[in-house]
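> Below is a structure I'd like to ask you about.
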Amino acid sequence: MKSEVLNLVCDPTTRDLLEIRSGSDARGRLQEYFVNPKTGQRFTIRNGIPIFLREGDVTGTNHRYQQMYDRYTPFYDFSTWLYSYWKGMSVEARLREYLDELVVQGGDRVLEVSVGTGRNLQFLPRNAQFFGLDISWRMLKQCQRNAAKWKLDATLFMGTAEQLPFRDEVFDSVFHFGGINFFNDQGSAIREMIRVAKSGTKFVIGDENEALAQKYEKLPVTAGFYGNRKQPIMAAVDLLPPEMQEVQVKHIAGGDLYCLSFRKP
Ligand SMILES: C[S@@+](CC[C@H](N)C(=O)[O-])C[C@H]1O[C@@H](n2cnc3c(N)ncnc32)[C@H](O)[C@@H]1O
């Protein structure tokens with residue numbers, strides 16, 4: 001684990017600072033792990049990915065979508081291509097509809113919450129430092145493979161958007177796309193993204209609109225993702241703290257998706 005990462009992370013529950021230690025695992029191999037020196041809570045690092053989830057942390061719809069995305073991982077990148085083709089756009093042009101709202105400069109620390117297979121990262125300036133968090137282990141493993149293929153330096157974390165394992169005000173750019181409609185707690189996830197971002201950060205948060213969800217819930221392949229919605233989907237403008245600036249909602253992909261952007265004062 002890069003030593004710089006230690007200066008970014010914290011215990012996602014208590015926000016205590018962590019230490020990095022190493023010890024033998026069950027098979028006698030030397031493994032690094034993070035530990036909270038106040039509570040003794042350990043966070044293992046598997047295949048270079050720190051796991052900030054403990055037994056019982058993933059509940060409700062988060063648990064449901066974690067399992068669904070674990071199963072769906074092998075098809076995710078193909079479905080991105082397929083959807084773009086259906087829309088008559090290249091993948092890059094389609095993703096740029098929201099990525100171009102971000103402000104990313106050389107050397108910036110960019111955090112994607114719910115990074116998935118990392119498809120967005122390939123279209124951001126290469127001289128930034130990428131950090132990605134996701135709840136699905138298989139999506140993260142695919143992201144690791146994609147980042148290697150695209151020769152991108154991305155540091156990945158397993159955790160939930162509602163309890164980010166990062167210190168206050170450490171990222172220059174923070175975004176989320178594609179999962180928030182079904183998070184357990186959208187308000188907590190938004191507050192967490194704002195907490196870990198530096199003052200002046202521009203945010204992008206987006207997902208499907210209600211009209212697309214209604215189409216998808218009728219298709220056998222996607223019904224599992226979109227069925228049983230408790231209320232109609234809309235951009236979570238009402239959940240933003242009132243001090244956020246430049247709040248804007250635009251509809252992209254021919255109205256299928258919303259893109260909420262704003263700036264932290
Ligand atoms: C549609 S994918 C989007 C992935 C990526 N952002 C993109 O644009 O391709 C949704 C992602 O959200 C993740 N996810 C769902 N609930 C989450 C939660 N509560 N915390 C963190 N990630 C979550 C899923 O595992 C999945 O990788």
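Note on naming: chains are A, B, ... as they come in the structure tokens, residues start from 1 per chain, ligands start from 1 in the order shown.
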Could you tell me, as a PDB file with C-alpha atoms, in the first residue's frame, which residues of region 20-258 of chain A DSSP assigns to helix (DSSP H, G or I) when given the backbone?


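The resulting file, result.pdb, is shown below:
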ATOM      1  CA  GLY A  60     -30.965  -3.398   3.097  1.00  0.00           C
ATOM      2  CA  THR A  61     -30.817  -2.329  -0.537  1.00  0.00           C
ATOM      3  CA  ASN A  62     -27.020  -1.963  -0.308  1.00  0.00           C
ATOM      4  CA  HIS A  63     -26.820  -5.710   0.296  1.00  0.00           C
ATOM      5  CA  ARG A  64     -29.188  -6.438  -2.570  1.00  0.00           C
ATOM      6  CA  TYR A  65     -27.242  -4.281  -5.042  1.00  0.00           C
ATOM      7  CA  GLN A  66     -23.871  -5.551  -3.818  1.00  0.00           C
ATOM      8  CA  GLN A  67     -24.966  -9.069  -4.728  1.00  0.00           C
ATOM      9  CA  MET A  68     -26.519  -7.990  -8.014  1.00  0.00           C
ATOM     10  CA  TYR A  69     -23.415  -6.092  -9.129  1.00  0.00           C
ATOM     11  CA  ASP A  70     -21.168  -8.980  -8.095  1.00  0.00           C
ATOM     12  CA  ARG A  71     -23.188 -11.206 -10.453  1.00  0.00           C
ATOM     13  CA  TYR A  72     -23.467  -8.579 -13.207  1.00  0.00           C
ATOM     14  CA  THR A  73     -19.747  -7.633 -13.348  1.00  0.00           C
ATOM     15  CA  PRO A  74     -18.817  -9.785 -16.393  1.00  0.00           C
ATOM     16  CA  PHE A  75     -21.511  -8.053 -18.486  1.00  0.00           C
ATOM     17  CA  TYR A  76     -21.096  -4.466 -17.256  1.00  0.00           C
ATOM     18  CA  ASP A  77     -18.597  -3.119 -19.781  1.00  0.00           C
ATOM     19  CA  PHE A  78     -20.424  -4.746 -22.679  1.00  0.00           C
ATOM     20  CA  SER A  79     -23.729  -3.247 -21.535  1.00  0.00           C
ATOM     21  CA  THR A  80     -22.070   0.195 -21.389  1.00  0.00           C
ATOM     22  CA  TRP A  81     -21.067  -0.246 -25.023  1.00  0.00           C
ATOM     23  CA  LEU A  82     -24.489  -1.617 -25.986  1.00  0.00           C
ATOM     24  CA  TYR A  83     -26.395   1.246 -24.371  1.00  0.00           C
ATOM     25  CA  SER A  84     -24.136   3.836 -26.075  1.00  0.00           C
ATOM     26  CA  TYR A  85     -24.628   2.085 -29.426  1.00  0.00           C
ATOM     27  CA  TRP A  86     -28.398   2.151 -28.882  1.00  0.00           C
ATOM     28  CA  VAL A  91     -18.971   5.381 -25.138  1.00  0.00           C
ATOM     29  CA  GLU A  92     -16.609   8.328 -24.712  1.00  0.00           C
ATOM     30  CA  ALA A  93     -19.065  10.914 -26.074  1.00  0.00           C
ATOM     31  CA  ARG A  94     -21.814   9.551 -23.847  1.00  0.00           C
ATOM     32  CA  LEU A  95     -19.756   9.517 -20.645  1.00  0.00           C
ATOM     33  CA  ARG A  96     -18.343  12.956 -21.443  1.00  0.00           C
ATOM     34  CA  GLU A  97     -21.860  14.364 -21.163  1.00  0.00           C
ATOM     35  CA  TYR A  98     -21.328  14.253 -17.386  1.00  0.00           C
ATOM     36  CA  LEU A  99     -17.539  13.896 -17.005  1.00  0.00           C
ATOM     37  CA  LEU A 121     -11.550   6.992 -15.315  1.00  0.00           C
ATOM     38  CA  GLN A 122     -10.204   6.281 -18.806  1.00  0.00           C
ATOM     39  CA  PHE A 123     -11.703   9.578 -20.032  1.00  0.00           C
ATOM     40  CA  TRP A 137     -15.693  -6.856  -4.732  1.00  0.00           C
ATOM     41  CA  ARG A 138     -16.061  -8.217  -8.255  1.00  0.00           C
ATOM     42  CA  MET A 139     -16.600  -4.739  -9.753  1.00  0.00           C
ATOM     43  CA  LEU A 140     -13.439  -3.582  -7.957  1.00  0.00           C
ATOM     44  CA  LYS A 141     -11.425  -6.533  -9.270  1.00  0.00           C
ATOM     45  CA  GLN A 142     -12.622  -5.741 -12.818  1.00  0.00           C
ATOM     46  CA  CYS A 143     -11.685  -2.093 -12.220  1.00  0.00           C
ATOM     47  CA  GLN A 144      -8.180  -3.212 -11.224  1.00  0.00           C
ATOM     48  CA  ARG A 145      -7.858  -5.212 -14.461  1.00  0.00           C
ATOM     49  CA  ASN A 146      -9.220  -2.324 -16.556  1.00  0.00           C
ATOM     50  CA  ALA A 147      -6.909   0.209 -14.916  1.00  0.00           C
ATOM     51  CA  ALA A 148      -3.920  -2.042 -15.709  1.00  0.00           C
ATOM     52  CA  LYS A 149      -5.128  -2.370 -19.326  1.00  0.00           C
ATOM     53  CA  ILE A 180     -27.300   6.505  -5.850  1.00  0.00           C
ATOM     54  CA  ASN A 181     -30.969   5.931  -6.784  1.00  0.00           C
ATOM     55  CA  PHE A 182     -30.883   2.721  -4.766  1.00  0.00           C
ATOM     56  CA  GLN A 186     -28.733   8.975  -0.290  1.00  0.00           C
ATOM     57  CA  GLY A 187     -28.481  11.883   2.168  1.00  0.00           C
ATOM     58  CA  SER A 188     -25.580  10.311   4.094  1.00  0.00           C
ATOM     59  CA  ALA A 189     -23.769   9.471   0.853  1.00  0.00           C
ATOM     60  CA  ILE A 190     -24.051  13.071  -0.366  1.00  0.00           C
ATOM     61  CA  ARG A 191     -22.898  14.482   2.986  1.00  0.00           C
ATOM     62  CA  GLU A 192     -19.936  12.100   2.953  1.00  0.00           C
ATOM     63  CA  MET A 193     -18.881  13.117  -0.567  1.00  0.00           C
ATOM     64  CA  ILE A 194     -19.004  16.762   0.509  1.00  0.00           C
ATOM     65  CA  ARG A 195     -17.081  16.062   3.739  1.00  0.00           C
ATOM     66  CA  VAL A 196     -14.098  14.428   2.008  1.00  0.00           C
ATOM     67  CA  GLU A 210     -37.741   7.741 -13.631  1.00  0.00           C
ATOM     68  CA  ALA A 211     -38.790   7.327 -17.296  1.00  0.00           C
ATOM     69  CA  LEU A 212     -35.833   5.029 -18.041  1.00  0.00           C
ATOM     70  CA  ALA A 213     -36.356   3.077 -14.812  1.00  0.00           C
ATOM     71  CA  GLN A 214     -39.971   2.466 -15.897  1.00  0.00           C
ATOM     72  CA  LYS A 215     -38.744   1.061 -19.232  1.00  0.00           C
ATOM     73  CA  TYR A 216     -36.076  -1.081 -17.562  1.00  0.00           C
ATOM     74  CA  ALA A 223     -36.173  -5.905 -13.938  1.00  0.00           C
ATOM     75  CA  GLY A 224     -34.194  -7.043 -10.868  1.00  0.00           C
ATOM     76  CA  PHE A 225     -32.352  -3.702 -10.710  1.00  0.00           C
ATOM     77  CA  TYR A 226     -35.341  -1.407 -11.175  1.00  0.00           C
ATOM     78  CA  VAL A 237     -31.411  18.385  -5.058  1.00  0.00           C
ATOM     79  CA  ASP A 238     -33.435  18.557  -1.825  1.00  0.00           C
ATOM     80  CA  LEU A 239     -30.758  16.584   0.012  1.00  0.00           C
ATOM     81  CA  ALA A 253     -28.544  10.648 -22.905  1.00  0.00           C
ATOM     82  CA  GLY A 254     -31.713  11.944 -24.555  1.00  0.00           C
ATOM     83  CA  GLY A 255     -33.370  12.478 -21.159  1.00  0.00           C
TER      84      GLY A 255
END

> So which residues touch region 155-160 of chain A within 7 Å, counting only C-alpha atoms, skipping near sequence neighbours fewer than 3 positions away, as a list in words?

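That gives Ile49, Pro50, Ile51, Phe52, Leu53, Phe130, Phe131, Gly132, Leu133, Asp134, Ile135, Trp137, Gln163 and Leu164 of chain A.
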
> In terms of the shortest atom-to-atom distance over only C-alpha atoms and all ligand atoms, which of A:Gln129, A:Asn184, A:Thr14, A:Asn36 is closest to ligand 1?

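For ligand 1, the nearest of the candidates is A:Asn184.
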
> Measuring between only C-alpha atoms and all ligand atoms, which one of A:Arg167, A:His176, A:Arg46, A:Lys250 shows the shortest distance to ligand 1?

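Of A:Arg167, A:His176, A:Arg46, A:Lys250, the one nearest ligand 1 is A:His176, counting only C-alpha atoms and all ligand atoms.
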
> In terms of the shortest atom-to-atom distance over only C-alpha atoms, which of A:Arg29, A:Met1, A:Thr13, A:Arg109 is closest to Glu162 (chain A)?

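With only C-alpha atoms as the atom set, the closest residue is A:Thr13.
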
> Could you pull out the residues in region 4-219 of chain A that DSSP calls strand (DSSP E) from the backbone, as a PyMOL selection string?

chain A and resi 19-24+30-35+42-46+49-50+109-113+129-134+154-158+173-177+202-208

> With only C-alpha atoms and all ligand atoms as the atoms that count, which of A:Arg54, A:Lys2, A:Arg42, A:Arg119 lies nearest to ligand 1?

A:Arg119
